[in-house]
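Below is target-v4.pdb, which holds PDB, C-alpha atoms, pLDDT in the B column.
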ATOM      1  CA  MET A 242      99.025-102.087  23.026  1.00 95.00           C
ATOM      2  CA  LYS A 243      99.284-100.581  19.579  1.00 97.00           C
ATOM      3  CA  ALA A 244      97.253 -97.538  18.530  1.00 97.00           C
ATOM      4  CA  ILE A 245      95.407 -97.767  15.213  1.00 97.00           C
ATOM      5  CA  SER A 246      94.939 -94.531  13.303  1.00 95.00           C
ATOM      6  CA  THR A 247      93.733 -93.596   9.830  1.00 97.00           C
ATOM      7  CA  LYS A 248      92.815 -90.408   7.991  1.00 96.00           C
ATOM      8  CA  ASN A 249      89.913 -92.374   6.437  1.00 97.00           C
ATOM      9  CA  ALA A 250      87.936 -92.086   9.675  1.00 97.00           C
ATOM     10  CA  PRO A 251      87.306 -89.055  11.897  1.00 94.00           C
ATOM     11  CA  ALA A 252      90.229 -88.162  14.146  1.00 92.00           C
ATOM     12  CA  ALA A 253      89.839 -88.740  17.864  1.00 88.00           C
ATOM     13  CA  ILE A 254      88.569 -85.547  19.494  1.00 81.00           C
ATOM     14  CA  GLY A 255      89.612 -86.418  23.019  1.00 88.00           C
ATOM     15  CA  PRO A 256      91.991 -88.576  25.043  1.00 94.00           C
ATOM     16  CA  TYR A 257      91.266 -91.813  23.177  1.00 95.00           C
ATOM     17  CA  SER A 258      92.468 -93.705  20.094  1.00 96.00           C
ATOM     18  CA  GLN A 259      90.484 -94.485  16.960  1.00 97.00           C
ATOM     19  CA  GLY A 260      91.414 -98.079  17.659  1.00 97.00           C
ATOM     20  CA  ILE A 261      93.668-100.222  19.808  1.00 98.00           C
ATOM     21  CA  GLU A 262      95.202-103.574  18.932  1.00 97.00           C
ATOM     22  CA  VAL A 263      96.079-105.891  21.794  1.00 97.00           C
ATOM     23  CA  ASN A 264      96.455-109.676  22.112  1.00 96.00           C
ATOM     24  CA  GLY A 265      95.051-110.376  18.645  1.00 95.00           C
ATOM     25  CA  PHE A 266      91.996-108.142  19.045  1.00 98.00           C
ATOM     26  CA  VAL A 267      91.240-104.746  17.549  1.00 98.00           C
ATOM     27  CA  TYR A 268      88.919-102.462  19.477  1.00 98.00           C
ATOM     28  CA  ALA A 269      87.480 -99.592  17.429  1.00 98.00           C
ATOM     29  CA  SER A 270      86.183 -96.651  19.430  1.00 97.00           C
ATOM     30  CA  GLY A 271      82.567 -95.680  18.889  1.00 97.00           C
ATOM     31  CA  GLN A 272      82.244 -94.164  15.438  1.00 97.00           C
ATOM     32  CA  LEU A 273      80.018 -91.191  14.939  1.00 97.00           C
ATOM     33  CA  PRO A 274      78.694 -90.689  11.419  1.00 98.00           C
ATOM     34  CA  LEU A 275      81.157 -87.898  10.647  1.00 97.00           C
ATOM     35  CA  ASP A 276      82.406 -87.809   7.078  1.00 97.00           C
ATOM     36  CA  PRO A 277      86.198 -87.603   7.567  1.00 95.00           C
ATOM     37  CA  ALA A 278      86.557 -85.425   4.454  1.00 94.00           C
ATOM     38  CA  THR A 279      83.985 -82.790   5.439  1.00 95.00           C
ATOM     39  CA  GLY A 280      83.543 -83.200   9.191  1.00 93.00           C
ATOM     40  CA  THR A 281      79.762 -83.188   8.747  1.00 96.00           C
ATOM     41  CA  PHE A 282      76.965 -85.679   9.356  1.00 97.00           C
ATOM     42  CA  PRO A 283      74.869 -86.981   6.482  1.00 97.00           C
ATOM     43  CA  GLU A 284      71.111 -86.611   6.940  1.00 97.00           C
ATOM     44  CA  GLY A 285      68.899 -89.413   8.237  1.00 98.00           C
ATOM     45  CA  ILE A 286      69.459 -92.611  10.165  1.00 98.00           C
ATOM     46  CA  LYS A 287      70.267 -94.757   7.116  1.00 98.00           C
ATOM     47  CA  ALA A 288      72.981 -92.412   5.850  1.00 98.00           C
ATOM     48  CA  GLN A 289      74.367 -91.937   9.348  1.00 98.00           C
ATOM     49  CA  THR A 290      74.481 -95.698   9.971  1.00 98.00           C
ATOM     50  CA  ARG A 291      76.295 -96.178   6.654  1.00 98.00           C
ATOM     51  CA  GLN A 292      78.870 -93.488   7.514  1.00 98.00           C
ATOM     52  CA  SER A 293      79.483 -94.868  11.008  1.00 98.00           C
ATOM     53  CA  LEU A 294      80.112 -98.310   9.523  1.00 98.00           C
ATOM     54  CA  LEU A 295      82.365 -96.905   6.793  1.00 98.00           C
ATOM     55  CA  ASN A 296      84.394 -95.228   9.538  1.00 98.00           C
ATOM     56  CA  ALA A 297      84.626 -98.486  11.495  1.00 98.00           C
ATOM     57  CA  LYS A 298      85.609-100.308   8.290  1.00 98.00           C
ATOM     58  CA  ALA A 299      88.426 -97.802   7.691  1.00 98.00           C
ATOM     59  CA  ILE A 300      89.808 -98.427  11.174  1.00 98.00           C
ATOM     60  CA  MET A 301      89.670-102.187  10.678  1.00 98.00           C
ATOM     61  CA  GLU A 302      91.448-101.826   7.327  1.00 98.00           C
ATOM     62  CA  ALA A 303      94.150 -99.689   8.969  1.00 98.00           C
ATOM     63  CA  ALA A 304      94.715-102.661  11.298  1.00 97.00           C
ATOM     64  CA  GLY A 305      94.912-105.099   8.360  1.00 97.00           C
ATOM     65  CA  LEU A 306      91.417-106.473   8.965  1.00 98.00           C
ATOM     66  CA  SER A 307      87.968-106.186   7.440  1.00 97.00           C
ATOM     67  CA  LEU A 308      84.435-106.089   8.805  1.00 97.00           C
ATOM     68  CA  ASN A 309      84.391-109.874   8.258  1.00 97.00           C
ATOM     69  CA  ASP A 310      86.756-110.086  11.243  1.00 98.00           C
ATOM     70  CA  VAL A 311      84.383-108.226  13.573  1.00 98.00           C
ATOM     71  CA  VAL A 312      83.114-110.429  16.405  1.00 98.00           C
ATOM     72  CA  LYS A 313      81.095-107.868  18.418  1.00 98.00           C
ATOM     73  CA  THR A 314      79.408-104.538  17.778  1.00 98.00           C
ATOM     74  CA  THR A 315      77.586-102.073  19.964  1.00 98.00           C
ATOM     75  CA  VAL A 316      75.070 -99.716  18.388  1.00 98.00           C
ATOM     76  CA  LEU A 317      73.909 -96.628  20.255  1.00 98.00           C
ATOM     77  CA  LEU A 318      70.758 -94.991  18.921  1.00 98.00           C
ATOM     78  CA  ALA A 319      69.360 -91.604  19.830  1.00 98.00           C
ATOM     79  CA  ASP A 320      65.877 -93.040  19.156  1.00 98.00           C
ATOM     80  CA  ILE A 321      64.980 -96.753  19.307  1.00 97.00           C
ATOM     81  CA  ALA A 322      62.316 -96.059  16.661  1.00 98.00           C
ATOM     82  CA  ASP A 323      65.260 -95.881  14.197  1.00 98.00           C
ATOM     83  CA  PHE A 324      66.215 -99.509  14.917  1.00 98.00           C
ATOM     84  CA  ALA A 325      64.634-101.070  11.798  1.00 98.00           C
ATOM     85  CA  GLU A 326      66.204 -98.571   9.391  1.00 98.00           C
ATOM     86  CA  MET A 327      69.589 -98.877  11.116  1.00 98.00           C
ATOM     87  CA  ASN A 328      69.324-102.656  10.953  1.00 98.00           C
ATOM     88  CA  GLU A 329      68.556-102.547   7.214  1.00 98.00           C
ATOM     89  CA  VAL A 330      71.815-100.700   6.481  1.00 98.00           C
ATOM     90  CA  TYR A 331      73.782-102.705   9.073  1.00 98.00           C
ATOM     91  CA  ALA A 332      72.822-105.911   7.208  1.00 98.00           C
ATOM     92  CA  GLU A 333      74.553-104.562   4.072  1.00 98.00           C
ATOM     93  CA  PHE A 334      77.919-104.520   5.889  1.00 98.00           C
ATOM     94  CA  PHE A 335      77.937-107.903   7.657  1.00 97.00           C
ATOM     95  CA  SER A 336      77.342-111.487   6.565  1.00 94.00           C
ATOM     96  CA  GLU A 337      76.913-114.799   8.356  1.00 95.00           C
ATOM     97  CA  PRO A 338      78.159-115.630  10.825  1.00 95.00           C
ATOM     98  CA  TYR A 339      77.073-112.200  12.023  1.00 97.00           C
ATOM     99  CA  PRO A 340      78.959-110.565  14.873  1.00 98.00           C
ATOM    100  CA  ALA A 341      77.369-110.572  18.290  1.00 98.00           C
ATOM    101  CA  ARG A 342      75.619-107.235  18.816  1.00 98.00           C
ATOM    102  CA  SER A 343      74.093-105.008  21.448  1.00 98.00           C
ATOM    103  CA  ALA A 344      71.823-102.187  20.299  1.00 97.00           C
ATOM    104  CA  PHE A 345      70.018 -99.759  22.514  1.00 96.00           C
ATOM    105  CA  ALA A 346      68.745 -96.217  22.777  1.00 97.00           C
ATOM    106  CA  VAL A 347      70.611 -93.712  24.882  1.00 96.00           C
ATOM    107  CA  LYS A 348      69.568 -90.317  26.161  1.00 96.00           C
ATOM    108  CA  SER A 349      71.750 -88.639  23.541  1.00 94.00           C
ATOM    109  CA  VAL A 350      74.623 -89.407  21.191  1.00 94.00           C
ATOM    110  CA  PRO A 351      77.615 -87.037  21.043  1.00 92.00           C
ATOM    111  CA  LYS A 352      77.329 -84.019  18.738  1.00 93.00           C
ATOM    112  CA  GLY A 353      73.619 -84.712  18.193  1.00 94.00           C
ATOM    113  CA  ALA A 354      74.237 -87.772  16.001  1.00 97.00           C
ATOM    114  CA  LEU A 355      71.480 -90.316  15.487  1.00 98.00           C
ATOM    115  CA  VAL A 356      73.814 -93.320  15.852  1.00 98.00           C
ATOM    116  CA  GLU A 357      77.260 -94.372  17.092  1.00 98.00           C
ATOM    117  CA  ILE A 358      78.781 -97.802  16.427  1.00 98.00           C
ATOM    118  CA  GLU A 359      81.774 -99.507  18.007  1.00 98.00           C
ATOM    119  CA  CYS A 360      83.388-102.776  16.917  1.00 98.00           C
ATOM    120  CA  ILE A 361      85.689-105.468  18.256  1.00 98.00           C
ATOM    121  CA  ALA A 362      87.528-107.677  15.767  1.00 98.00           C
ATOM    122  CA  ALA A 363      89.744-110.721  16.137  1.00 98.00           C
ATOM    123  CA  LYS A 364      92.860-111.369  14.082  1.00 92.00           C
ATOM    124  CA  LYS A 365      93.083-114.832  12.578  1.00 86.00           C
ATOM    125  CA  ILE A 366      95.841-116.921  14.101  1.00 75.00           C
TER     126      ILE A 366
END
Spell out the structure here as structure tokens.
Amino acid sequence: MKAISTKNAPAAIGPYSQGIEVNGFVYASGQLPLDPATGTFPEGIKAQTRQSLLNAKAIMEAAGLSLNDVVKTTVLLADIADFAEMNEVYAEFFSEPYPARSAFAVKSVPKGALVEIECIAAKKI
């Protein structure tokens, strides 16, 4: 296993890595919408979705990949009513063939965020 780390995404705040590369796959930990420069959340679900995806993108780039290499995402929402607005922004970051995705509401997202997104990418052989 190889740890993936970048200053362009929020630092891990616990016993986990921003990302791990193993056997041709890169697993990005769930990305909260923290701006790595300020440590704050933007306001609203659209801005938070965008920041979470920018953080995931930074981790993929640190591994030599892009969001085009993502094969699976998981989206955690604090409120399922935010699904349509999240989906609108999400569509700006991915193109066909879209990654497989799970999206669901949870009781709460860490630090009071509205969204958290994790990604799995595959390196081309």
Selection result for the PyMOL selection byres ((chain A and resi 296) around 9) on this file, as an NGL selection string
:A and (249-251 or 272-277 or 291-295 or 297-301)
Around all of segment 256-262 of chain A's listed atoms, make the axis-aligned box with 4 Å on each side and tell me centre and edge lengths in Å to one decimal, as JSON.
{"center_x": 92.8, "center_y": -96.1, "center_z": 21.0, "size_x": 12.7, "size_y": 23.0, "size_z": 16.1}
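Atom CA of Val267 of chain A is positioned 27.5 Å from atom CA of Ile321 of chain A.
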List the residues matched by the PyMOL selection byres ((chain A and resi 348) around 10) in the displayed structure as a list in words, ordered by chain and then by residue number.
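Applied to this file, the PyMOL selection byres ((chain A and resi 348) around 10) returns Leu317, Leu318, Ala319, Asp320, Ala346, Val347, Ser349 and Val350 of chain A.
Taking only C-alpha atoms into account, Ile261 of chain A lies nearest to A:Cys360 out of the set A:Ala322, A:Cys360, A:Ala278, A:Ile366.
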If the PyMOL selection byres ((chain A and resi 338-342) around 8) were run on this exact file, what residues would it hold? Put them as number ranges by chain.
A: 311-316, 335-337, 343-344
Residues of the last selection are to be written out with C-alpha atoms, as a PDB file, keeping the file's coordinate frame.
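This is the output file again-v4.pdb:
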ATOM      1  CA  VAL A 311      84.383-108.226  13.573  1.00 98.00           C
ATOM      2  CA  VAL A 312      83.114-110.429  16.405  1.00 98.00           C
ATOM      3  CA  LYS A 313      81.095-107.868  18.418  1.00 98.00           C
ATOM      4  CA  THR A 314      79.408-104.538  17.778  1.00 98.00           C
ATOM      5  CA  THR A 315      77.586-102.073  19.964  1.00 98.00           C
ATOM      6  CA  VAL A 316      75.070 -99.716  18.388  1.00 98.00           C
ATOM      7  CA  PHE A 335      77.937-107.903   7.657  1.00 97.00           C
ATOM      8  CA  SER A 336      77.342-111.487   6.565  1.00 94.00           C
ATOM      9  CA  GLU A 337      76.913-114.799   8.356  1.00 95.00           C
ATOM     10  CA  SER A 343      74.093-105.008  21.448  1.00 98.00           C
ATOM     11  CA  ALA A 344      71.823-102.187  20.299  1.00 97.00           C
TER      12      ALA A 344
END
Would you mind telling me which residue in A:Thr279, A:Thr290, A:Thr247, A:Asn309 lies nearest to Gly260 of chain A when using only C-alpha atoms?
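The shortest atom-to-atom distance to Gly260 of chain A comes from A:Thr247.
The space separating atom CA of Lys287 of chain A from atom CA of Val330 of chain A comes to 6.2 Å.
With all atoms listed in the file as the basis for measurement, A:Ala252 is the residue among A:Met327, A:Ala244, A:Ala252, A:Ile358 that approaches Gly280 of chain A most closely.
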Calculated over all atoms listed in the file, which of the candidates A:Tyr268, A:Pro256, A:Ser246, A:Phe282 has the smallest distance to Lys352 of chain A?
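Using all atoms listed in the file, Lys352 of chain A sits closest to A:Phe282.
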Repaired coordinates for segment 272-295 of chain A (N, CA, C and O atoms) as a PDB file, keeping the file's coordinate frame:
ATOM      1  N   GLN A 272      82.124 -95.007  16.618  1.00 97.00           N
ATOM      2  CA  GLN A 272      82.244 -94.164  15.438  1.00 97.00           C
ATOM      3  C   GLN A 272      80.971 -93.376  15.199  1.00 97.00           C
ATOM      4  O   GLN A 272      79.905 -93.952  14.930  1.00 97.00           O
ATOM      5  N   LEU A 273      81.110 -92.082  15.320  1.00 97.00           N
ATOM      6  CA  LEU A 273      80.018 -91.191  14.939  1.00 97.00           C
ATOM      7  C   LEU A 273      79.953 -91.150  13.421  1.00 97.00           C
ATOM      8  O   LEU A 273      80.928 -91.488  12.747  1.00 97.00           O
ATOM      9  N   PRO A 274      78.839 -90.716  12.875  1.00 98.00           N
ATOM     10  CA  PRO A 274      78.694 -90.689  11.419  1.00 98.00           C
ATOM     11  C   PRO A 274      79.313 -89.452  10.760  1.00 98.00           C
ATOM     12  O   PRO A 274      78.762 -88.883   9.826  1.00 98.00           O
ATOM     13  N   LEU A 275      80.479 -89.043  11.243  1.00 97.00           N
ATOM     14  CA  LEU A 275      81.157 -87.898  10.647  1.00 97.00           C
ATOM     15  C   LEU A 275      81.880 -88.321   9.377  1.00 97.00           C
ATOM     16  O   LEU A 275      82.650 -89.289   9.388  1.00 97.00           O
ATOM     17  N   ASP A 276      81.652 -87.601   8.308  1.00 97.00           N
ATOM     18  CA  ASP A 276      82.406 -87.809   7.078  1.00 97.00           C
ATOM     19  C   ASP A 276      83.806 -87.261   7.337  1.00 97.00           C
ATOM     20  O   ASP A 276      83.951 -86.072   7.638  1.00 97.00           O
ATOM     21  N   PRO A 277      84.860 -88.096   7.238  1.00 95.00           N
ATOM     22  CA  PRO A 277      86.198 -87.603   7.567  1.00 95.00           C
ATOM     23  C   PRO A 277      86.687 -86.506   6.613  1.00 95.00           C
ATOM     24  O   PRO A 277      87.543 -85.713   6.982  1.00 95.00           O
ATOM     25  N   ALA A 278      86.133 -86.445   5.418  1.00 94.00           N
ATOM     26  CA  ALA A 278      86.557 -85.425   4.454  1.00 94.00           C
ATOM     27  C   ALA A 278      85.936 -84.062   4.744  1.00 94.00           C
ATOM     28  O   ALA A 278      86.570 -83.026   4.536  1.00 94.00           O
ATOM     29  N   THR A 279      84.696 -84.055   5.253  1.00 95.00           N
ATOM     30  CA  THR A 279      83.985 -82.790   5.439  1.00 95.00           C
ATOM     31  C   THR A 279      83.749 -82.435   6.899  1.00 95.00           C
ATOM     32  O   THR A 279      83.458 -81.284   7.217  1.00 95.00           O
ATOM     33  N   GLY A 280      83.820 -83.438   7.784  1.00 93.00           N
ATOM     34  CA  GLY A 280      83.543 -83.200   9.191  1.00 93.00           C
ATOM     35  C   GLY A 280      82.073 -82.984   9.496  1.00 93.00           C
ATOM     36  O   GLY A 280      81.723 -82.487  10.557  1.00 93.00           O
ATOM     37  N   THR A 281      81.201 -83.371   8.564  1.00 96.00           N
ATOM     38  CA  THR A 281      79.762 -83.188   8.747  1.00 96.00           C
ATOM     39  C   THR A 281      79.043 -84.530   8.793  1.00 96.00           C
ATOM     40  O   THR A 281      79.563 -85.549   8.336  1.00 96.00           O
ATOM     41  N   PHE A 282      77.831 -84.501   9.341  1.00 97.00           N
ATOM     42  CA  PHE A 282      76.965 -85.679   9.356  1.00 97.00           C
ATOM     43  C   PHE A 282      76.111 -85.695   8.097  1.00 97.00           C
ATOM     44  O   PHE A 282      75.574 -84.651   7.701  1.00 97.00           O
ATOM     45  N   PRO A 283      75.893 -86.882   7.510  1.00 97.00           N
ATOM     46  CA  PRO A 283      74.869 -86.981   6.482  1.00 97.00           C
ATOM     47  C   PRO A 283      73.493 -86.902   7.154  1.00 97.00           C
ATOM     48  O   PRO A 283      73.395 -87.018   8.380  1.00 97.00           O
ATOM     49  N   GLU A 284      72.463 -86.734   6.382  1.00 97.00           N
ATOM     50  CA  GLU A 284      71.111 -86.611   6.940  1.00 97.00           C
ATOM     51  C   GLU A 284      70.417 -87.965   6.996  1.00 97.00           C
ATOM     52  O   GLU A 284      70.501 -88.753   6.064  1.00 97.00           O
ATOM     53  N   GLY A 285      69.729 -88.222   8.097  1.00 98.00           N
ATOM     54  CA  GLY A 285      68.899 -89.413   8.237  1.00 98.00           C
ATOM     55  C   GLY A 285      69.637 -90.591   8.840  1.00 98.00           C
ATOM     56  O   GLY A 285      70.862 -90.712   8.744  1.00 98.00           O
ATOM     57  N   ILE A 286      68.872 -91.471   9.463  1.00 98.00           N
ATOM     58  CA  ILE A 286      69.459 -92.611  10.165  1.00 98.00           C
ATOM     59  C   ILE A 286      70.161 -93.582   9.220  1.00 98.00           C
ATOM     60  O   ILE A 286      71.217 -94.129   9.557  1.00 98.00           O
ATOM     61  N   LYS A 287      69.617 -93.816   8.040  1.00 98.00           N
ATOM     62  CA  LYS A 287      70.267 -94.757   7.116  1.00 98.00           C
ATOM     63  C   LYS A 287      71.637 -94.241   6.694  1.00 98.00           C
ATOM     64  O   LYS A 287      72.627 -94.972   6.725  1.00 98.00           O
ATOM     65  N   ALA A 288      71.707 -92.992   6.288  1.00 98.00           N
ATOM     66  CA  ALA A 288      72.981 -92.412   5.850  1.00 98.00           C
ATOM     67  C   ALA A 288      73.961 -92.325   7.006  1.00 98.00           C
ATOM     68  O   ALA A 288      75.171 -92.560   6.829  1.00 98.00           O
ATOM     69  N   GLN A 289      73.475 -92.017   8.199  1.00 98.00           N
ATOM     70  CA  GLN A 289      74.367 -91.937   9.348  1.00 98.00           C
ATOM     71  C   GLN A 289      74.884 -93.322   9.750  1.00 98.00           C
ATOM     72  O   GLN A 289      76.053 -93.472  10.097  1.00 98.00           O
ATOM     73  N   THR A 290      74.031 -94.332   9.679  1.00 98.00           N
ATOM     74  CA  THR A 290      74.481 -95.698   9.971  1.00 98.00           C
ATOM     75  C   THR A 290      75.561 -96.104   8.979  1.00 98.00           C
ATOM     76  O   THR A 290      76.610 -96.640   9.367  1.00 98.00           O
ATOM     77  N   ARG A 291      75.321 -95.842   7.701  1.00 98.00           N
ATOM     78  CA  ARG A 291      76.295 -96.178   6.654  1.00 98.00           C
ATOM     79  C   ARG A 291      77.639 -95.488   6.933  1.00 98.00           C
ATOM     80  O   ARG A 291      78.695 -96.117   6.868  1.00 98.00           O
ATOM     81  N   GLN A 292      77.616 -94.205   7.270  1.00 98.00           N
ATOM     82  CA  GLN A 292      78.870 -93.488   7.514  1.00 98.00           C
ATOM     83  C   GLN A 292      79.585 -94.013   8.750  1.00 98.00           C
ATOM     84  O   GLN A 292      80.807 -94.172   8.742  1.00 98.00           O
ATOM     85  N   SER A 293      78.853 -94.299   9.812  1.00 98.00           N
ATOM     86  CA  SER A 293      79.483 -94.868  11.008  1.00 98.00           C
ATOM     87  C   SER A 293      80.176 -96.188  10.684  1.00 98.00           C
ATOM     88  O   SER A 293      81.303 -96.442  11.131  1.00 98.00           O
ATOM     89  N   LEU A 294      79.521 -97.020   9.883  1.00 98.00           N
ATOM     90  CA  LEU A 294      80.112 -98.310   9.523  1.00 98.00           C
ATOM     91  C   LEU A 294      81.279 -98.147   8.559  1.00 98.00           C
ATOM     92  O   LEU A 294      82.258 -98.899   8.635  1.00 98.00           O
ATOM     93  N   LEU A 295      81.219 -97.184   7.671  1.00 98.00           N
ATOM     94  CA  LEU A 295      82.365 -96.905   6.793  1.00 98.00           C
ATOM     95  C   LEU A 295      83.565 -96.448   7.622  1.00 98.00           C
ATOM     96  O   LEU A 295      84.708 -96.833   7.338  1.00 98.00           O
TER      97      LEU A 295
END
